[in-house]
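See below for the structure under consideration.
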Amino acid sequence: MQLSFTPLTGDKFIEIKAIYDWYIKNATATFHTEPITLEQLREFIFIDHPLYKSFLIHADVALAGYCFLTYHKKRPAYDRTAEISIYLEKEFTGRGIGQVALAYLEEVAKRVGLKNLVGVITGDNLSSMALFEKAGFIKCAHFKNVGEKFGKVLDVVAYQKEIG
């Protein structure tokens, strides 16, 4: 399987929204509980931003998912830090794509001058926590019982990696 990353363009938001909507409806990977609009998606996934880059992930010719860097907090003092996210089509999970995407985004982040990456993960998402730990991220926060989805009260954990 050949993986490739292409910068996200505006005409692809419908495709990434479909992937994100699946996670909204079926998983705790996001705390959105209802599908969001394209405009809401554009509030945290950017095109042509100098720091916060977004990419489609292709496995051979198939769209396997998307990954992106976004603001950690919407204040200029945090512009040295980005939150990192990866969303894969369900049939592409568990195939090592997340590991490649995480490494790719880390290289992009270094190239644009970011100094820290943060992954914010639902406490029951053990595979994502393992992915970040394997990539050298350190668990730096654990918020207990802060969210609720599908009738389940959930923790949120944060992982950080200093890259510069």
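Quick note on naming: the chains in the structure tokens go A, B, ... in the order shown, residues restart at 1 in each chain, and ligands are numbered from 1 in order of appearance.
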Please list as a list in words every residue within 7 Å of A:Met1, counting only C-alpha atoms and excluding residues in the same chain fewer than 2 positions away.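 Near neighbours after the sequence-gap exclusion: Leu3, Ala59 and Asp60 of chain A.
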Write a file of the just-selected residues containing N, CA and C atoms, as a PDB file, in the first residue's frame.
```
ATOM      1  N   LEU A   3       1.204   5.180   0.500  1.00  0.00           N
ATOM      2  CA  LEU A   3       0.528   6.320   1.116  1.00  0.00           C
ATOM      3  C   LEU A   3       1.042   7.618   0.520  1.00  0.00           C
ATOM      4  N   ALA A  59      -4.363   6.072   0.249  1.00  0.00           N
ATOM      5  CA  ALA A  59      -3.725   4.761   0.249  1.00  0.00           C
ATOM      6  C   ALA A  59      -3.905   4.235  -1.165  1.00  0.00           C
ATOM      7  N   ASP A  60      -2.798   4.182  -1.897  1.00  0.00           N
ATOM      8  CA  ASP A  60      -2.857   3.951  -3.335  1.00  0.00           C
ATOM      9  C   ASP A  60      -3.715   5.082  -3.919  1.00  0.00           C
TER      10      ASP A  60
END
```
Mind checking DSSP for chain A and telling me the helix (DSSP H, G or I) residues as a PDB file with N, CA and C atoms, in the first residue's frame?
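The result, stored in states-v5.pdb:
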```pdb
ATOM      1  N   GLY A  10     -10.322  23.437  -0.803  1.00  0.00           N
ATOM      2  CA  GLY A  10     -11.688  23.747  -0.411  1.00  0.00           C
ATOM      3  C   GLY A  10     -12.731  22.813  -0.987  1.00  0.00           C
ATOM      4  N   ASP A  11     -12.489  22.292  -2.174  1.00  0.00           N
ATOM      5  CA  ASP A  11     -13.474  21.413  -2.802  1.00  0.00           C
ATOM      6  C   ASP A  11     -13.512  20.023  -2.165  1.00  0.00           C
ATOM      7  N   LYS A  12     -12.625  19.735  -1.239  1.00  0.00           N
ATOM      8  CA  LYS A  12     -12.576  18.414  -0.593  1.00  0.00           C
ATOM      9  C   LYS A  12     -13.228  18.397   0.795  1.00  0.00           C
ATOM     10  N   PHE A  13     -13.760  19.532   1.230  1.00  0.00           N
ATOM     11  CA  PHE A  13     -14.362  19.589   2.557  1.00  0.00           C
ATOM     12  C   PHE A  13     -15.561  18.652   2.686  1.00  0.00           C
ATOM     13  N   ILE A  14     -16.298  18.449   1.633  1.00  0.00           N
ATOM     14  CA  ILE A  14     -17.453  17.540   1.701  1.00  0.00           C
ATOM     15  C   ILE A  14     -16.968  16.118   1.997  1.00  0.00           C
ATOM     16  N   GLU A  15     -15.858  15.721   1.389  1.00  0.00           N
ATOM     17  CA  GLU A  15     -15.325  14.379   1.615  1.00  0.00           C
ATOM     18  C   GLU A  15     -14.812  14.208   3.044  1.00  0.00           C
ATOM     19  N   ILE A  16     -14.104  15.197   3.566  1.00  0.00           N
ATOM     20  CA  ILE A  16     -13.609  15.048   4.940  1.00  0.00           C
ATOM     21  C   ILE A  16     -14.748  15.177   5.942  1.00  0.00           C
ATOM     22  N   LYS A  17     -15.752  15.963   5.617  1.00  0.00           N
ATOM     23  CA  LYS A  17     -16.922  16.061   6.497  1.00  0.00           C
ATOM     24  C   LYS A  17     -17.620  14.711   6.615  1.00  0.00           C
ATOM     25  N   ALA A  18     -17.707  13.971   5.526  1.00  0.00           N
ATOM     26  CA  ALA A  18     -18.332  12.642   5.569  1.00  0.00           C
ATOM     27  C   ALA A  18     -17.564  11.716   6.519  1.00  0.00           C
ATOM     28  N   ILE A  19     -16.244  11.787   6.489  1.00  0.00           N
ATOM     29  CA  ILE A  19     -15.430  10.981   7.405  1.00  0.00           C
ATOM     30  C   ILE A  19     -15.679  11.433   8.840  1.00  0.00           C
ATOM     31  N   TYR A  20     -15.646  12.743   9.065  1.00  0.00           N
ATOM     32  CA  TYR A  20     -15.836  13.280  10.413  1.00  0.00           C
ATOM     33  C   TYR A  20     -17.233  12.965  10.935  1.00  0.00           C
ATOM     34  N   ASP A  21     -18.238  13.063  10.068  1.00  0.00           N
ATOM     35  CA  ASP A  21     -19.612  12.739  10.474  1.00  0.00           C
ATOM     36  C   ASP A  21     -19.718  11.305  10.979  1.00  0.00           C
ATOM     37  N   TRP A  22     -18.968  10.374  10.358  1.00  0.00           N
ATOM     38  CA  TRP A  22     -18.999   8.991  10.836  1.00  0.00           C
ATOM     39  C   TRP A  22     -18.519   8.935  12.285  1.00  0.00           C
ATOM     40  N   TYR A  23     -17.437   9.658  12.591  1.00  0.00           N
ATOM     41  CA  TYR A  23     -16.917   9.670  13.965  1.00  0.00           C
ATOM     42  C   TYR A  23     -17.897  10.346  14.921  1.00  0.00           C
ATOM     43  N   ILE A  24     -18.559  11.384  14.478  1.00  0.00           N
ATOM     44  CA  ILE A  24     -19.561  12.044  15.321  1.00  0.00           C
ATOM     45  C   ILE A  24     -20.667  11.056  15.693  1.00  0.00           C
ATOM     46  N   LYS A  25     -21.141  10.310  14.730  1.00  0.00           N
ATOM     47  CA  LYS A  25     -22.282   9.411  14.934  1.00  0.00           C
ATOM     48  C   LYS A  25     -21.913   8.091  15.601  1.00  0.00           C
ATOM     49  N   ASN A  26     -20.659   7.646  15.486  1.00  0.00           N
ATOM     50  CA  ASN A  26     -20.315   6.279  15.876  1.00  0.00           C
ATOM     51  C   ASN A  26     -19.166   6.123  16.867  1.00  0.00           C
ATOM     52  N   LEU A  38     -20.273  22.640   7.131  1.00  0.00           N
ATOM     53  CA  LEU A  38     -18.970  22.876   6.499  1.00  0.00           C
ATOM     54  C   LEU A  38     -18.305  24.117   7.069  1.00  0.00           C
ATOM     55  N   GLU A  39     -19.104  25.141   7.353  1.00  0.00           N
ATOM     56  CA  GLU A  39     -18.546  26.368   7.929  1.00  0.00           C
ATOM     57  C   GLU A  39     -17.927  26.100   9.299  1.00  0.00           C
ATOM     58  N   GLN A  40     -18.580  25.270  10.110  1.00  0.00           N
ATOM     59  CA  GLN A  40     -18.022  24.923  11.417  1.00  0.00           C
ATOM     60  C   GLN A  40     -16.726  24.122  11.263  1.00  0.00           C
ATOM     61  N   LEU A  41     -16.679  23.249  10.287  1.00  0.00           N
ATOM     62  CA  LEU A  41     -15.470  22.471  10.033  1.00  0.00           C
ATOM     63  C   LEU A  41     -14.310  23.389   9.648  1.00  0.00           C
ATOM     64  N   PRO A  76      -2.584  34.462  20.096  1.00  0.00           N
ATOM     65  CA  PRO A  76      -1.275  34.521  19.417  1.00  0.00           C
ATOM     66  C   PRO A  76      -0.112  33.948  20.230  1.00  0.00           C
ATOM     67  N   ALA A  77      -0.166  34.016  21.544  1.00  0.00           N
ATOM     68  CA  ALA A  77       0.944  33.513  22.352  1.00  0.00           C
ATOM     69  C   ALA A  77       1.135  32.008  22.187  1.00  0.00           C
ATOM     70  N   TYR A  78       0.108  31.310  21.718  1.00  0.00           N
ATOM     71  CA  TYR A  78       0.190  29.869  21.524  1.00  0.00           C
ATOM     72  C   TYR A  78       0.625  29.474  20.112  1.00  0.00           C
ATOM     73  N   LYS A  90     -13.032   4.182   8.295  1.00  0.00           N
ATOM     74  CA  LYS A  90     -12.994   3.042   9.230  1.00  0.00           C
ATOM     75  C   LYS A  90     -12.292   1.815   8.659  1.00  0.00           C
ATOM     76  N   GLU A  91     -12.377   1.590   7.341  1.00  0.00           N
ATOM     77  CA  GLU A  91     -11.725   0.410   6.764  1.00  0.00           C
ATOM     78  C   GLU A  91     -10.204   0.563   6.659  1.00  0.00           C
ATOM     79  N   PHE A  92      -9.686   1.747   6.940  1.00  0.00           N
ATOM     80  CA  PHE A  92      -8.240   1.969   6.876  1.00  0.00           C
ATOM     81  C   PHE A  92      -7.591   2.042   8.255  1.00  0.00           C
ATOM     82  N   ILE A  97      -1.415   3.428   9.118  1.00  0.00           N
ATOM     83  CA  ILE A  97      -1.533   4.737   8.451  1.00  0.00           C
ATOM     84  C   ILE A  97      -1.407   5.878   9.455  1.00  0.00           C
ATOM     85  N   GLY A  98      -1.981   5.702  10.633  1.00  0.00           N
ATOM     86  CA  GLY A  98      -1.906   6.739  11.661  1.00  0.00           C
ATOM     87  C   GLY A  98      -0.476   7.055  12.047  1.00  0.00           C
ATOM     88  N   GLN A  99       0.347   6.032  12.150  1.00  0.00           N
ATOM     89  CA  GLN A  99       1.754   6.217  12.512  1.00  0.00           C
ATOM     90  C   GLN A  99       2.484   7.025  11.438  1.00  0.00           C
ATOM     91  N   VAL A 100       2.238   6.708  10.178  1.00  0.00           N
ATOM     92  CA  VAL A 100       2.874   7.434   9.078  1.00  0.00           C
ATOM     93  C   VAL A 100       2.369   8.873   9.047  1.00  0.00           C
ATOM     94  N   ALA A 101       1.069   9.064   9.241  1.00  0.00           N
ATOM     95  CA  ALA A 101       0.484  10.415   9.219  1.00  0.00           C
ATOM     96  C   ALA A 101       1.022  11.262  10.361  1.00  0.00           C
ATOM     97  N   LEU A 102       1.169  10.682  11.531  1.00  0.00           N
ATOM     98  CA  LEU A 102       1.697  11.414  12.682  1.00  0.00           C
ATOM     99  C   LEU A 102       3.128  11.871  12.412  1.00  0.00           C
ATOM    100  N   ALA A 103       3.950  10.996  11.868  1.00  0.00           N
ATOM    101  CA  ALA A 103       5.339  11.359  11.536  1.00  0.00           C
ATOM    102  C   ALA A 103       5.374  12.433  10.452  1.00  0.00           C
ATOM    103  N   TYR A 104       4.491  12.317   9.473  1.00  0.00           N
ATOM    104  CA  TYR A 104       4.437  13.300   8.395  1.00  0.00           C
ATOM    105  C   TYR A 104       4.070  14.678   8.950  1.00  0.00           C
ATOM    106  N   LEU A 105       3.043  14.734   9.795  1.00  0.00           N
ATOM    107  CA  LEU A 105       2.635  16.021  10.362  1.00  0.00           C
ATOM    108  C   LEU A 105       3.721  16.615  11.259  1.00  0.00           C
ATOM    109  N   GLU A 106       4.452  15.767  11.953  1.00  0.00           N
ATOM    110  CA  GLU A 106       5.547  16.263  12.786  1.00  0.00           C
ATOM    111  C   GLU A 106       6.610  16.935  11.919  1.00  0.00           C
ATOM    112  N   GLU A 107       6.947  16.347  10.789  1.00  0.00           N
ATOM    113  CA  GLU A 107       7.926  16.958   9.885  1.00  0.00           C
ATOM    114  C   GLU A 107       7.406  18.277   9.313  1.00  0.00           C
ATOM    115  N   VAL A 108       6.153  18.309   8.937  1.00  0.00           N
ATOM    116  CA  VAL A 108       5.538  19.555   8.446  1.00  0.00           C
ATOM    117  C   VAL A 108       5.602  20.622   9.533  1.00  0.00           C
ATOM    118  N   ALA A 109       5.264  20.246  10.759  1.00  0.00           N
ATOM    119  CA  ALA A 109       5.267  21.198  11.872  1.00  0.00           C
ATOM    120  C   ALA A 109       6.666  21.775  12.096  1.00  0.00           C
ATOM    121  N   LYS A 110       7.675  20.939  12.042  1.00  0.00           N
ATOM    122  CA  LYS A 110       9.055  21.419  12.196  1.00  0.00           C
ATOM    123  C   LYS A 110       9.403  22.395  11.083  1.00  0.00           C
ATOM    124  N   ARG A 111       9.006  22.055   9.859  1.00  0.00           N
ATOM    125  CA  ARG A 111       9.332  22.885   8.700  1.00  0.00           C
ATOM    126  C   ARG A 111       8.715  24.279   8.798  1.00  0.00           C
ATOM    127  N   LEU A 126      -7.836   3.898  23.462  1.00  0.00           N
ATOM    128  CA  LEU A 126      -6.540   3.297  23.798  1.00  0.00           C
ATOM    129  C   LEU A 126      -5.609   3.197  22.599  1.00  0.00           C
ATOM    130  N   SER A 127      -6.154   2.957  21.410  1.00  0.00           N
ATOM    131  CA  SER A 127      -5.291   2.832  20.232  1.00  0.00           C
ATOM    132  C   SER A 127      -4.637   4.166  19.884  1.00  0.00           C
ATOM    133  N   SER A 128      -5.371   5.272  20.028  1.00  0.00           N
ATOM    134  CA  SER A 128      -4.762   6.588  19.766  1.00  0.00           C
ATOM    135  C   SER A 128      -3.711   6.924  20.811  1.00  0.00           C
ATOM    136  N   MET A 129      -3.973   6.597  22.061  1.00  0.00           N
ATOM    137  CA  MET A 129      -2.973   6.852  23.101  1.00  0.00           C
ATOM    138  C   MET A 129      -1.700   6.055  22.809  1.00  0.00           C
ATOM    139  N   ALA A 130      -1.858   4.795  22.414  1.00  0.00           N
ATOM    140  CA  ALA A 130      -0.689   3.967  22.085  1.00  0.00           C
ATOM    141  C   ALA A 130       0.071   4.549  20.895  1.00  0.00           C
ATOM    142  N   LEU A 131      -0.657   5.040  19.897  1.00  0.00           N
ATOM    143  CA  LEU A 131      -0.040   5.653  18.723  1.00  0.00           C
ATOM    144  C   LEU A 131       0.830   6.844  19.130  1.00  0.00           C
ATOM    145  N   PHE A 132       0.288   7.729  19.943  1.00  0.00           N
ATOM    146  CA  PHE A 132       1.043   8.918  20.352  1.00  0.00           C
ATOM    147  C   PHE A 132       2.233   8.540  21.233  1.00  0.00           C
ATOM    148  N   GLU A 133       2.048   7.596  22.132  1.00  0.00           N
ATOM    149  CA  GLU A 133       3.163   7.160  22.982  1.00  0.00           C
ATOM    150  C   GLU A 133       4.281   6.550  22.137  1.00  0.00           C
ATOM    151  N   LYS A 134       3.918   5.738  21.165  1.00  0.00           N
ATOM    152  CA  LYS A 134       4.918   5.117  20.285  1.00  0.00           C
ATOM    153  C   LYS A 134       5.702   6.173  19.505  1.00  0.00           C
TER     154      LYS A 134
END
```
Name the residues of chain A that come out as strand (DSSP E or B) in a backbone DSSP run; write them as a short mmCIF file (atom, residue, chain, number, x, y, z; two decimals) with C-alpha atoms, in the first residue's frame.
```cif
data_model
loop_
_atom_site.label_atom_id
_atom_site.label_comp_id
_atom_site.auth_asym_id
_atom_site.auth_seq_id
_atom_site.Cartn_x
_atom_site.Cartn_y
_atom_site.Cartn_z
CA LEU A 3 0.53 6.32 1.12
CA SER A 4 0.52 9.88 -0.12
CA PHE A 5 -0.40 13.21 1.42
CA THR A 6 -1.87 16.09 -0.57
CA PRO A 7 -2.75 19.52 0.77
CA SER A 54 -4.22 20.09 6.47
CA PHE A 55 -3.81 17.05 4.23
CA LEU A 56 -5.77 14.31 2.55
CA ILE A 57 -4.32 10.84 3.04
CA HIS A 58 -4.48 8.48 0.09
CA ALA A 59 -3.72 4.76 0.25
CA ALA A 62 -8.32 5.57 -2.37
CA LEU A 63 -9.05 8.35 0.10
CA ALA A 64 -7.99 6.83 3.42
CA GLY A 65 -8.59 9.88 5.60
CA TYR A 66 -7.23 13.27 6.49
CA CYS A 67 -4.90 14.81 9.04
CA PHE A 68 -4.27 18.33 10.18
CA LEU A 69 -2.55 20.75 12.50
CA THR A 70 -4.76 23.34 14.15
CA TYR A 71 -4.49 25.94 16.87
CA THR A 81 2.07 25.02 19.45
CA ALA A 82 -0.39 23.04 17.34
CA GLU A 83 -2.97 20.41 18.08
CA ILE A 84 -2.62 17.40 15.81
CA SER A 85 -5.50 15.24 14.55
CA ILE A 86 -5.90 12.24 12.26
CA TYR A 87 -9.20 10.81 11.05
CA LEU A 88 -9.26 7.68 8.89
CA ASN A 116 5.20 21.80 20.30
CA LEU A 117 2.56 19.32 19.21
CA VAL A 118 -0.39 18.35 21.37
CA GLY A 119 -2.76 15.43 20.90
CA VAL A 120 -6.06 15.61 22.79
CA ILE A 121 -7.60 12.15 23.06
CA THR A 122 -10.72 10.70 24.61
CA ILE A 138 4.39 12.27 26.68
CA LYS A 139 1.11 12.22 28.57
CA CYS A 140 0.87 15.67 30.14
CA ALA A 141 -2.74 15.94 31.31
CA HIS A 142 -5.66 13.80 32.34
CA PHE A 143 -9.04 15.44 32.77
CA LYS A 144 -11.48 13.13 34.54
CA ASN A 145 -15.17 12.87 33.62
CA VAL A 146 -15.19 16.04 31.49
CA GLY A 147 -17.34 14.85 28.59
CA GLU A 148 -20.37 12.72 27.95
CA LYS A 149 -21.32 10.96 24.74
CA LYS A 152 -21.01 7.41 28.76
CA VAL A 153 -19.00 9.82 30.94
CA LEU A 154 -15.52 10.19 29.49
CA ASP A 155 -12.07 11.38 30.43
CA VAL A 156 -9.83 13.38 28.11
CA VAL A 157 -6.06 12.99 28.04
CA ALA A 158 -3.45 15.20 26.42
CA TYR A 159 -0.11 14.16 24.98
CA GLN A 160 2.68 16.59 24.11
CA LYS A 161 5.88 16.42 22.11
CA GLU A 162 8.44 19.21 21.98
#
```
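Distances here use only C-alpha atoms; by that measure, the residue among A:Phe150, A:Ile163, A:Arg80, A:Gln2 closest to A:His32 is A:Phe150.
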What does the structure give for the distance between atom CA of A:Thr28 and atom CA of A:Asp48, in Å to one decimal?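 About the pair atom CA of A:Thr28 and atom CA of A:Asp48: they are 28.8 Å apart.
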